[in-house]
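Listing of my_file-v6.txt; format and content: compact mmCIF, C-alpha atoms.
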```txt
# COMPACT_ATOMS: atom_id res chain seq x y z
CA LEU A 1 58.30 31.43 -28.57
CA LEU A 2 55.98 28.78 -27.19
CA ASN A 3 54.51 28.22 -30.64
CA MET A 4 57.99 27.64 -32.04
CA ILE A 5 58.76 25.12 -29.28
CA ASP A 6 55.41 23.40 -29.84
CA GLN A 7 56.26 23.07 -33.53
CA ASP A 8 59.62 21.50 -32.65
CA ILE A 9 57.89 19.12 -30.23
CA ALA A 10 55.42 18.08 -32.93
CA LYS A 11 58.14 17.62 -35.55
CA THR A 12 60.29 15.54 -33.20
CA ASN A 13 57.32 13.39 -32.27
CA GLN A 14 56.61 12.83 -35.96
CA ILE A 15 60.21 11.74 -36.49
CA ILE A 16 59.93 9.27 -33.62
CA GLN A 17 56.71 7.83 -35.05
CA LYS A 18 58.24 7.53 -38.52
CA ILE A 19 61.30 5.77 -37.13
CA GLU A 20 59.04 3.27 -35.36
CA ILE A 21 57.04 2.62 -38.53
CA PHE A 22 60.21 2.33 -40.59
CA ASN A 23 61.73 0.06 -37.95
CA GLN A 24 58.85 -2.41 -38.17
CA GLY A 25 58.87 -2.21 -41.95
CA ILE A 26 62.59 -2.81 -42.26
CA ILE A 27 62.42 -5.71 -39.81
CA THR A 28 59.68 -7.36 -41.87
CA GLN A 29 61.62 -6.72 -45.07
CA LEU A 30 64.86 -8.09 -43.66
CA LEU A 31 63.14 -11.15 -42.26
CA ASP A 32 61.17 -11.79 -45.45
CA SER A 33 64.37 -11.66 -47.47
CA SER A 34 65.85 -14.21 -45.08
CA SER A 35 62.83 -16.49 -45.06
CA ASN A 36 64.22 -19.20 -47.32
CA HIS A 37 64.83 -21.21 -44.17
CA ILE A 38 61.89 -21.18 -41.74
CA VAL A 39 62.07 -23.12 -38.48
CA LYS A 40 59.99 -23.53 -35.34
CA LEU A 41 61.23 -21.51 -32.38
CA ASN A 42 61.60 -24.57 -30.16
CA THR A 43 64.07 -26.14 -32.65
CA VAL A 44 66.64 -23.40 -31.99
CA CYS A 45 66.16 -23.20 -28.22
CA SER A 46 67.20 -25.48 -25.41
CA LYS A 47 64.30 -24.37 -23.21
CA ILE A 48 61.14 -22.25 -23.38
CA THR A 49 59.26 -21.75 -20.12
CA ASP A 50 57.70 -19.02 -17.99
CA GLY A 51 58.12 -17.64 -14.49
CA THR A 52 56.34 -18.60 -11.33
CA HIS A 53 52.52 -18.68 -11.44
CA ARG A 54 52.14 -17.51 -7.87
CA THR A 55 52.92 -14.13 -6.39
CA PRO A 56 55.91 -14.44 -4.07
CA LYS A 57 56.45 -12.54 -0.85
CA TYR A 58 58.07 -9.23 -1.69
CA LEU A 59 60.86 -7.79 0.45
CA PRO A 60 62.48 -4.33 0.63
CA ASP A 61 65.73 -5.90 -0.54
CA GLY A 62 66.95 -9.25 -1.82
CA ILE A 63 66.97 -11.09 -5.15
CA PRO A 64 65.42 -9.03 -8.03
CA PHE A 65 62.05 -10.33 -9.24
CA LEU A 66 61.25 -9.03 -12.72
CA ARG A 67 57.85 -8.41 -14.28
CA ILE A 68 56.73 -6.89 -17.59
CA ASN A 69 57.15 -3.27 -16.46
CA ASP A 70 60.76 -3.98 -15.56
CA ILE A 71 61.79 -4.88 -19.13
CA LYS A 72 60.05 -2.00 -20.93
CA SER A 73 62.87 0.49 -20.46
CA ASN A 74 66.35 0.33 -21.93
CA GLN A 75 67.89 -0.45 -18.55
CA ILE A 76 66.56 -2.51 -15.65
CA ASP A 77 65.88 -0.41 -12.57
CA TRP A 78 67.32 -2.79 -9.99
CA VAL A 79 66.38 -0.49 -7.12
CA ARG A 80 62.68 -0.05 -7.91
CA CYS A 81 61.94 -3.58 -9.10
CA LYS A 82 60.43 -6.11 -6.69
CA HIS A 83 62.66 -8.30 -4.53
CA ILE A 84 62.28 -11.73 -2.98
CA SER A 85 64.23 -13.79 -0.47
CA ASP A 86 67.22 -15.87 -1.50
CA GLU A 87 65.42 -18.97 -0.25
CA GLU A 88 62.37 -18.37 -2.44
CA HIS A 89 64.61 -17.54 -5.41
CA ARG A 90 66.44 -20.86 -5.03
CA GLU A 91 63.13 -22.65 -5.11
CA LEU A 92 61.91 -20.80 -8.21
CA ILE A 93 65.05 -21.36 -10.29
CA LYS A 94 64.65 -25.11 -9.96
CA ARG A 95 62.08 -24.77 -12.74
CA CYS A 96 62.98 -21.46 -14.39
CA LYS A 97 66.55 -20.19 -14.11
CA PRO A 98 67.33 -17.12 -16.25
CA GLY A 99 70.91 -16.53 -17.29
CA LYS A 100 73.06 -14.25 -19.41
CA GLY A 101 72.28 -14.63 -23.11
CA ASP A 102 68.67 -15.68 -22.54
CA VAL A 103 65.73 -13.77 -24.04
CA LEU A 104 62.77 -12.52 -22.01
CA LEU A 105 59.40 -12.15 -23.75
CA SER A 106 56.27 -10.55 -22.28
CA LYS A 107 53.38 -12.99 -22.69
CA ASN A 108 50.52 -11.64 -20.56
CA GLY A 109 48.76 -8.30 -20.76
CA THR A 110 51.19 -6.46 -22.98
CA ILE A 111 52.72 -9.03 -25.31
CA GLY A 112 55.71 -8.89 -27.62
CA ILE A 113 58.21 -6.96 -25.48
CA THR A 114 61.61 -8.62 -25.57
CA LYS A 115 64.90 -8.10 -23.79
CA VAL A 116 68.20 -9.95 -24.00
CA VAL A 117 69.68 -10.76 -20.61
CA ASN A 118 73.03 -8.98 -20.85
CA TRP A 119 73.84 -8.90 -17.14
CA ASP A 120 75.36 -11.42 -14.74
CA ARG A 121 73.34 -10.87 -11.55
CA GLU A 122 70.79 -13.47 -10.50
CA PHE A 123 67.05 -12.80 -10.71
CA SER A 124 63.70 -14.57 -10.98
CA ILE A 125 60.68 -13.80 -13.16
CA PHE A 126 56.90 -13.75 -12.91
CA VAL A 127 54.51 -15.79 -15.08
CA SER A 128 53.93 -12.75 -17.32
CA LEU A 129 57.44 -13.26 -18.71
CA CYS A 130 58.58 -16.13 -20.91
CA LEU A 131 62.16 -17.34 -20.65
CA ILE A 132 63.74 -18.38 -23.96
CA LYS A 133 67.14 -20.06 -23.92
CA PRO A 134 68.57 -19.90 -27.46
CA ASP A 135 70.96 -22.47 -28.88
CA THR A 136 73.74 -20.01 -29.70
CA SER A 137 75.27 -22.44 -32.19
CA LYS A 138 72.17 -21.81 -34.34
CA VAL A 139 70.84 -18.36 -33.46
CA LEU A 140 72.14 -15.13 -31.92
CA PRO A 141 70.21 -13.99 -28.82
CA GLU A 142 69.97 -10.42 -30.17
CA TYR A 143 68.57 -11.64 -33.49
CA LEU A 144 66.11 -13.95 -31.77
CA ALA A 145 64.85 -11.14 -29.55
CA GLU A 146 64.21 -8.90 -32.56
CA VAL A 147 62.38 -11.63 -34.46
CA VAL A 148 60.19 -12.78 -31.58
CA GLY A 149 59.21 -9.20 -30.74
CA SER A 150 58.57 -8.16 -34.35
CA GLU A 151 55.39 -7.80 -36.38
CA TYR A 152 56.59 -10.85 -38.31
CA VAL A 153 55.77 -13.02 -35.30
CA MET A 154 52.94 -10.92 -33.86
CA ASN A 155 51.05 -11.33 -37.15
CA GLN A 156 51.20 -15.09 -36.60
CA VAL A 157 49.69 -14.58 -33.16
CA ARG A 158 46.83 -12.48 -34.53
CA LYS A 159 46.04 -14.94 -37.31
CA ARG A 160 45.75 -17.78 -34.83
CA SER A 161 43.52 -15.81 -32.50
CA LYS A 162 39.75 -15.73 -32.93
CA GLN A 163 39.61 -12.44 -31.05
CA GLY A 164 40.54 -9.02 -32.34
CA THR A 165 43.19 -8.45 -29.69
CA VAL A 166 45.64 -10.85 -28.07
CA THR A 167 46.54 -10.31 -24.42
CA ASN A 168 47.84 -13.73 -23.49
CA LEU A 169 50.31 -16.15 -25.04
CA HIS A 170 50.59 -19.81 -24.11
CA LEU A 171 53.92 -21.58 -24.06
CA GLU A 172 52.70 -24.01 -26.72
CA GLU A 173 52.02 -21.07 -29.06
CA ILE A 174 55.42 -19.52 -28.39
CA ARG A 175 57.25 -22.78 -29.02
CA ASP A 176 55.38 -23.09 -32.33
CA PHE A 177 56.40 -19.65 -33.67
CA ASP A 178 57.75 -19.72 -37.23
CA ILE A 179 60.99 -17.75 -37.48
CA PRO A 180 63.35 -17.18 -40.42
CA LEU A 181 66.80 -18.56 -39.71
CA PRO A 182 69.49 -17.17 -42.04
CA ASP A 183 73.19 -17.82 -41.47
CA THR A 184 75.02 -16.07 -38.64
CA ASP A 185 76.44 -13.32 -40.86
CA ARG A 186 72.96 -12.40 -42.06
CA GLN A 187 71.68 -12.44 -38.47
CA LYS A 188 74.43 -9.96 -37.54
CA GLU A 189 73.41 -7.69 -40.42
CA VAL A 190 69.80 -7.63 -39.26
CA VAL A 191 70.84 -6.87 -35.67
CA THR A 192 73.14 -4.02 -36.80
CA VAL A 193 70.46 -2.31 -38.89
CA ILE A 194 67.89 -2.52 -36.10
CA LYS A 195 70.40 -1.37 -33.48
CA ASN A 196 71.22 1.76 -35.50
CA LEU A 197 67.52 2.57 -35.83
CA LYS A 198 67.05 2.19 -32.08
CA ILE A 199 69.96 4.54 -31.39
CA LYS A 200 68.39 7.11 -33.72
CA LYS A 201 65.05 6.75 -31.96
CA ILE A 202 66.60 7.13 -28.50
CA LYS A 203 68.36 10.35 -29.60
CA GLU A 204 65.11 11.79 -30.92
CA GLU A 205 63.28 10.81 -27.72
CA ILE A 206 65.93 12.65 -25.68
CA THR A 207 65.44 15.71 -27.91
CA TYR A 208 61.67 15.44 -27.47
CA GLN A 209 61.95 15.35 -23.68
CA SER A 210 64.36 18.31 -23.77
CA PHE A 211 61.80 20.38 -25.68
CA ILE A 212 59.07 19.40 -23.21
CA LYS A 213 61.30 20.37 -20.28
CA LEU A 214 62.20 23.66 -21.95
CA ARG A 215 58.55 24.52 -22.59
CA ASN A 216 57.52 23.67 -19.03
CA GLY A 217 60.40 25.71 -17.64
CA ILE A 218 59.51 28.76 -19.70
CA MET A 219 55.86 28.51 -18.69
CA LYS A 220 56.81 28.24 -15.04
CA ASP A 221 59.11 31.29 -15.26
CA ILE A 222 56.43 33.32 -17.03
CA PHE A 223 53.70 32.56 -14.49
CA SER A 224 56.04 33.09 -11.54
CA ARG A 225 57.09 36.42 -13.15
CA LYS A 226 60.77 35.45 -13.15
CA VAL A 227 60.82 36.63 -16.76
CA GLN A 228 58.76 39.22 -18.59
CA ILE A 229 57.56 39.06 -22.15
CA ASN A 230 57.96 42.35 -24.02
```
Reformat the file's structure so that it appears as structure tokens.
Amino acid sequence: LLNMIDQDIAKTNQIIQKIEIFNQGIITQLLDSSSNHIVKLNTVCSKITDGTHRTPKYLPDGIPFLRINDIKSNQIDWVRCKHISDEEHRELIKRCKPGKGDVLLSKNGTIGITKVVNWDREFSIFVSLCLIKPDTSKVLPEYLAEVVGSEYVMNQVRKRSKQGTVTNLHLEEIRDFDIPLPDTDRQKEVVTVIKNLKIKKIKEEITYQSFIKLRNGIMKDIFSRKVQIN
């Protein structure tokens, strides 16, 4: 029984890996086929900046203060994220004020993670996150997030770097990203394809975790002698 479950776990994990590889491949293919019009990122954005360069005073409650770990998951955990005072938040947003429709990009440590701000609540960000305000008359936020976080752009980063790995992006580099800019209809097509792939991946990840939970539960029952194996 455990061998059967282990096989299902392995197969599901393989599916997840294949989806990820296919996802990157299809993104590159879609972007390459749209590359007849290449522009610099800063030409389709009204502002590109980063969060505060100093660590604020954290509070048990208050205004959410987001860092890289907070944008890795599908949903922001507003309870477990850091919080700062309203006064400090007001001071920080004088320079960097995130808003709905903006794109967040991780630029320090782990780079290339993106998230579209699709919520209305106020928050501030740390220096490890870049704030990109797209000109929505030229580019869709969802499309921009996929492009900036894709291998298409990350390959540019690697080519410019003299080191084997890149763990830090400067604002000047981000503003100078080359991105393909097709018409709005084509942007919507790209976003739809990628969205469907992400939904498929999420479903497989849920299945994977279910198998893990099932295996752990069976093992626990066996060792606690709640069940017997004949």
field: Residues within 8 Å of (71.8, -16.5, -13.9), counting all atoms listed in the file, listed as a list in words
entry: Lys97, Pro98, Gly99, Lys100, Asp120, Arg121, Glu122 and Phe123 of chain A
query: What's the 8 Å shell around range 56-59 of chain A, counting all atoms listed in the file, without same-chain residues fewer than 6 positions away, as a list in words?
result: Lys82, His83, Ile84, Ser85 and Glu88 of chain A
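Between Glu146 in chain A and the residues A:Ile16, A:Ile111, A:Ile194, A:Ile222, the shortest atom-to-atom distance, using only C-alpha atoms, involves A:Ile194.
The closest residue to Leu140 in chain A, picked from A:Lys18, A:Lys213, A:Lys107, A:Arg186 and counting all atoms listed in the file, is A:Arg186.
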Non-local contacts of Thr184 in chain A (12 Å; only C-alpha atoms; under 6 positions in same chain excluded) as a PyMOL selection string: chain A and resi 34+136-144+190-191
Residue subset to file, keeping C-alpha atoms, as a PDB file, in the coordinates of the input:
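Output contents, as saved in result.pdb:
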```
ATOM      1  CA  SER A  34      65.850 -14.210 -45.080  1.00  0.00           C
ATOM      2  CA  THR A 136      73.740 -20.010 -29.700  1.00  0.00           C
ATOM      3  CA  SER A 137      75.270 -22.440 -32.190  1.00  0.00           C
ATOM      4  CA  LYS A 138      72.170 -21.810 -34.340  1.00  0.00           C
ATOM      5  CA  VAL A 139      70.840 -18.360 -33.460  1.00  0.00           C
ATOM      6  CA  LEU A 140      72.140 -15.130 -31.920  1.00  0.00           C
ATOM      7  CA  PRO A 141      70.210 -13.990 -28.820  1.00  0.00           C
ATOM      8  CA  GLU A 142      69.970 -10.420 -30.170  1.00  0.00           C
ATOM      9  CA  TYR A 143      68.570 -11.640 -33.490  1.00  0.00           C
ATOM     10  CA  LEU A 144      66.110 -13.950 -31.770  1.00  0.00           C
ATOM     11  CA  VAL A 190      69.800  -7.630 -39.260  1.00  0.00           C
ATOM     12  CA  VAL A 191      70.840  -6.870 -35.670  1.00  0.00           C
TER      13      VAL A 191
END
```
message: Using all atoms listed in the file, which protein or nucleic acid residues come within 10 Å of Arg80 in chain A? Drop anything in the same chain fewer than 4 positions from it, and give the result as a PyMOL selection string.
response: chain A and resi 60-61+64+70+76
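Note that the spacing between CA of Ile71 in chain A and CA of Asn196 in chain A amounts to 20.0 Å.
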